[in-house]
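For reference, the structure is listed below as structure tokens.
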Amino acid sequence: MSGEDQQTPSTDDRPGGDGIPGTALGTAPVPLSVLDLVTVGAGSTAGAAVRTAVDIARTAERRGFHRYWVAEHHSMPGVASSSPAVLLAHLAAHTDRIRLGSGGVMLPNHAPLVIAEQFGTLEAMAPGRIDLGLGRAPGTDGATAAALRRTERLHEGAEDFPQQLAELTRFLDDSFPDGHPYSRIHAVPGPVQAAAPGGVQSPHRPPLWLLGSSGFSARLAGTLGLPFAFAHHFSAANTLPALDLYRASFRPSETLAEPYALIGVSALAAEDEQEALRQVRTGALAMIRLRTGRPGLVPTPEEAAAHRFTEVEQNFVDSWLGNVVHGTPDAVRQGLDDLAKRTGADELMITANAHTGEVRRRSYDLIADAYDFPRG
């Protein structure tokens, strides 16, 4: 566990940096990072999933992955990441250097002030290594979203999300103009503390990222000069159009002088090709159940192997597995290299889907070895 004296941030201090650009290690074509869904396998518990998250975060830090993100999901028994801020606080206490963040917080589910306060608190816990990634989808079904928001109207349209984003940014920067209804309201921890007598405030604030699986957030991120994260792992057909739109829309800002885009990639490495396939089929079956309204825990490889897929289900599995980079470490390395070259992504964020945490953790170690990352 990190001690109180280990507060050196891993922030990139170059102009426009603030921890956004990463550094490619070893033979990797671009920086590699981790997206952890904190999945719960059949026969296991949420507590075990959280312990696995700590183990994976520490492995990622030790091996040199640039950042580790968790994503907001709700009403899904197999995903224990309903509260990113709480998870990130726990992970901050068990790591020292790796960037931690949300991939992402679903902004329409929350009051912007609450998010500013939560991530201001995280910044105080882990100075210079917190990312705030934001999405506009609910991260769940419509009924659950209505329960979260206490309204039947889901505020995620073309007008609502940019307004929510602008409000959140004002709270993070404490920059509402005089006369604004919120000009006397301050997100704490935050910049207002530096304005108090004797106040000293951290020079860092979490950089904002926009997440997306289509063109809306790509265009908005480009227009605002923000980094962009695309969900290639479940929207591969839209990857190239979205990245092209982001780059074409990009306007330099105080945050970035040039576009910076990462893509989420499903990838799993194992010593044996057939074992890798056996493991990733569990994620395919879990996704079939989710998309047919039967979400559950991640099934075991044995359950997935014994499942009698209908023709429609098998077509889905074939399509799903076609977008998962899996196999031996060398095969996964080649697949990631090809994807980086084809998309021109500035960073690859790998998510590993398997029944057990040890298989997922081992996969990150194998990928790091394949790219000659330091052992740490």
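Naming works like this for the structure tokens: A, B, ... for the chains as they're shown, residue 1 at the start of each chain, ligands 1 onward in shown order.
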
Neighbouring residues of Val200 (chain A) were defined as those with any atom within 12 Å, considering only C-alpha atoms; residues of the same chain fewer than 4 positions away were excluded. Please report them as a compact mmCIF listing (two decimals) with N, CA, C and O atoms, in the first residue's frame.
# COMPACT_ATOMS: atom_id res chain seq x y z
N PRO A 189 -12.88 19.75 -2.64
CA PRO A 189 -11.64 20.47 -2.93
C PRO A 189 -11.64 21.07 -4.33
O PRO A 189 -12.17 20.49 -5.26
N GLY A 190 -10.98 22.24 -4.44
CA GLY A 190 -10.92 22.90 -5.72
C GLY A 190 -10.19 24.23 -5.64
O GLY A 190 -9.68 24.61 -4.58
N PRO A 191 -10.17 24.98 -6.74
CA PRO A 191 -9.39 26.22 -6.82
C PRO A 191 -9.78 27.27 -5.80
O PRO A 191 -8.95 28.12 -5.46
N VAL A 192 -11.02 27.28 -5.33
CA VAL A 192 -11.44 28.33 -4.39
C VAL A 192 -10.58 28.32 -3.13
O VAL A 192 -10.39 29.35 -2.48
N GLN A 193 -10.03 27.16 -2.77
CA GLN A 193 -9.23 27.09 -1.55
C GLN A 193 -7.96 27.92 -1.66
O GLN A 193 -7.45 28.42 -0.66
N ALA A 194 -7.45 28.08 -2.90
CA ALA A 194 -6.26 28.90 -3.08
C ALA A 194 -6.55 30.37 -2.87
O ALA A 194 -5.65 31.17 -2.57
N ALA A 195 -7.83 30.77 -3.05
CA ALA A 195 -8.21 32.17 -2.91
C ALA A 195 -8.48 32.56 -1.46
O ALA A 195 -8.58 33.75 -1.14
N ALA A 196 -8.62 31.58 -0.57
CA ALA A 196 -8.86 31.87 0.85
C ALA A 196 -7.58 32.36 1.50
O ALA A 196 -6.47 32.03 1.05
N HIS A 204 -2.60 21.04 -10.12
CA HIS A 204 -3.21 20.10 -11.05
C HIS A 204 -4.72 20.07 -10.87
O HIS A 204 -5.25 20.28 -9.78

Taking only region 154-183 of chain A into account, list the residues labelled alpha helix (DSSP H) by DSSP (computed from the backbone), as a PDB file with C-alpha atoms, in the first residue's frame.
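Just written: selection.pdb:
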ATOM      1  CA  ASP A 160     -28.042  18.735 -22.869  1.00  0.00           C
ATOM      2  CA  PHE A 161     -24.628  17.054 -22.760  1.00  0.00           C
ATOM      3  CA  PRO A 162     -22.535  20.039 -23.922  1.00  0.00           C
ATOM      4  CA  GLN A 163     -24.323  22.211 -21.349  1.00  0.00           C
ATOM      5  CA  GLN A 164     -23.638  19.674 -18.591  1.00  0.00           C
ATOM      6  CA  LEU A 165     -20.004  19.463 -19.686  1.00  0.00           C
ATOM      7  CA  ALA A 166     -19.639  23.257 -19.651  1.00  0.00           C
ATOM      8  CA  GLU A 167     -21.134  23.400 -16.149  1.00  0.00           C
ATOM      9  CA  LEU A 168     -18.786  20.698 -14.879  1.00  0.00           C
ATOM     10  CA  THR A 169     -15.792  22.506 -16.383  1.00  0.00           C
ATOM     11  CA  ARG A 170     -16.832  25.751 -14.655  1.00  0.00           C
ATOM     12  CA  PHE A 171     -17.046  23.956 -11.315  1.00  0.00           C
ATOM     13  CA  LEU A 172     -13.649  22.300 -11.793  1.00  0.00           C
ATOM     14  CA  ASP A 173     -12.050  25.638 -12.680  1.00  0.00           C
TER      15      ASP A 173
END

Using only C-alpha atoms, determine which residues lie at most 7 Å from Val34 (chain A), disregarding the query and same-chain residues fewer than 5 positions distant; provide the list as a short mmCIF file (atom, residue, chain, number, x, y, z; two decimals) with N, CA and C atoms, in the first residue's frame.
data_model
loop_
_atom_site.label_atom_id
_atom_site.label_comp_id
_atom_site.auth_asym_id
_atom_site.auth_seq_id
_atom_site.Cartn_x
_atom_site.Cartn_y
_atom_site.Cartn_z
N ARG A 67 -1.97 4.17 -17.94
CA ARG A 67 -3.11 4.53 -17.07
C ARG A 67 -4.01 3.31 -16.86
N TYR A 68 -4.83 3.41 -15.85
CA TYR A 68 -5.79 2.36 -15.49
C TYR A 68 -7.13 3.04 -15.26
N TRP A 69 -8.15 2.65 -16.03
CA TRP A 69 -9.48 3.26 -15.91
C TRP A 69 -10.52 2.22 -15.53
N MET A 349 -5.97 1.15 -25.13
CA MET A 349 -6.41 0.83 -23.78
C MET A 349 -7.03 -0.56 -23.81
N ILE A 350 -6.36 -1.51 -23.18
CA ILE A 350 -6.71 -2.92 -23.30
C ILE A 350 -7.66 -3.33 -22.18
N THR A 351 -8.74 -4.00 -22.57
CA THR A 351 -9.62 -4.61 -21.58
C THR A 351 -9.64 -6.11 -21.82
#

* Asked: How many Å lie between CA of Arg129 (chain A) and CA of Ile98 (chain A), rounded to one decimal?
  -> 6.8 Å

* To do: Enumerate as a ChimeraX atom specification all residues of region 34-237 of chain A assigned to strand (DSSP E) by DSSP on the backbone, naming them with the chain letters and numbers the document uses.
  => /A:34-36,67-70,99-106,130-135,208-212,228-230
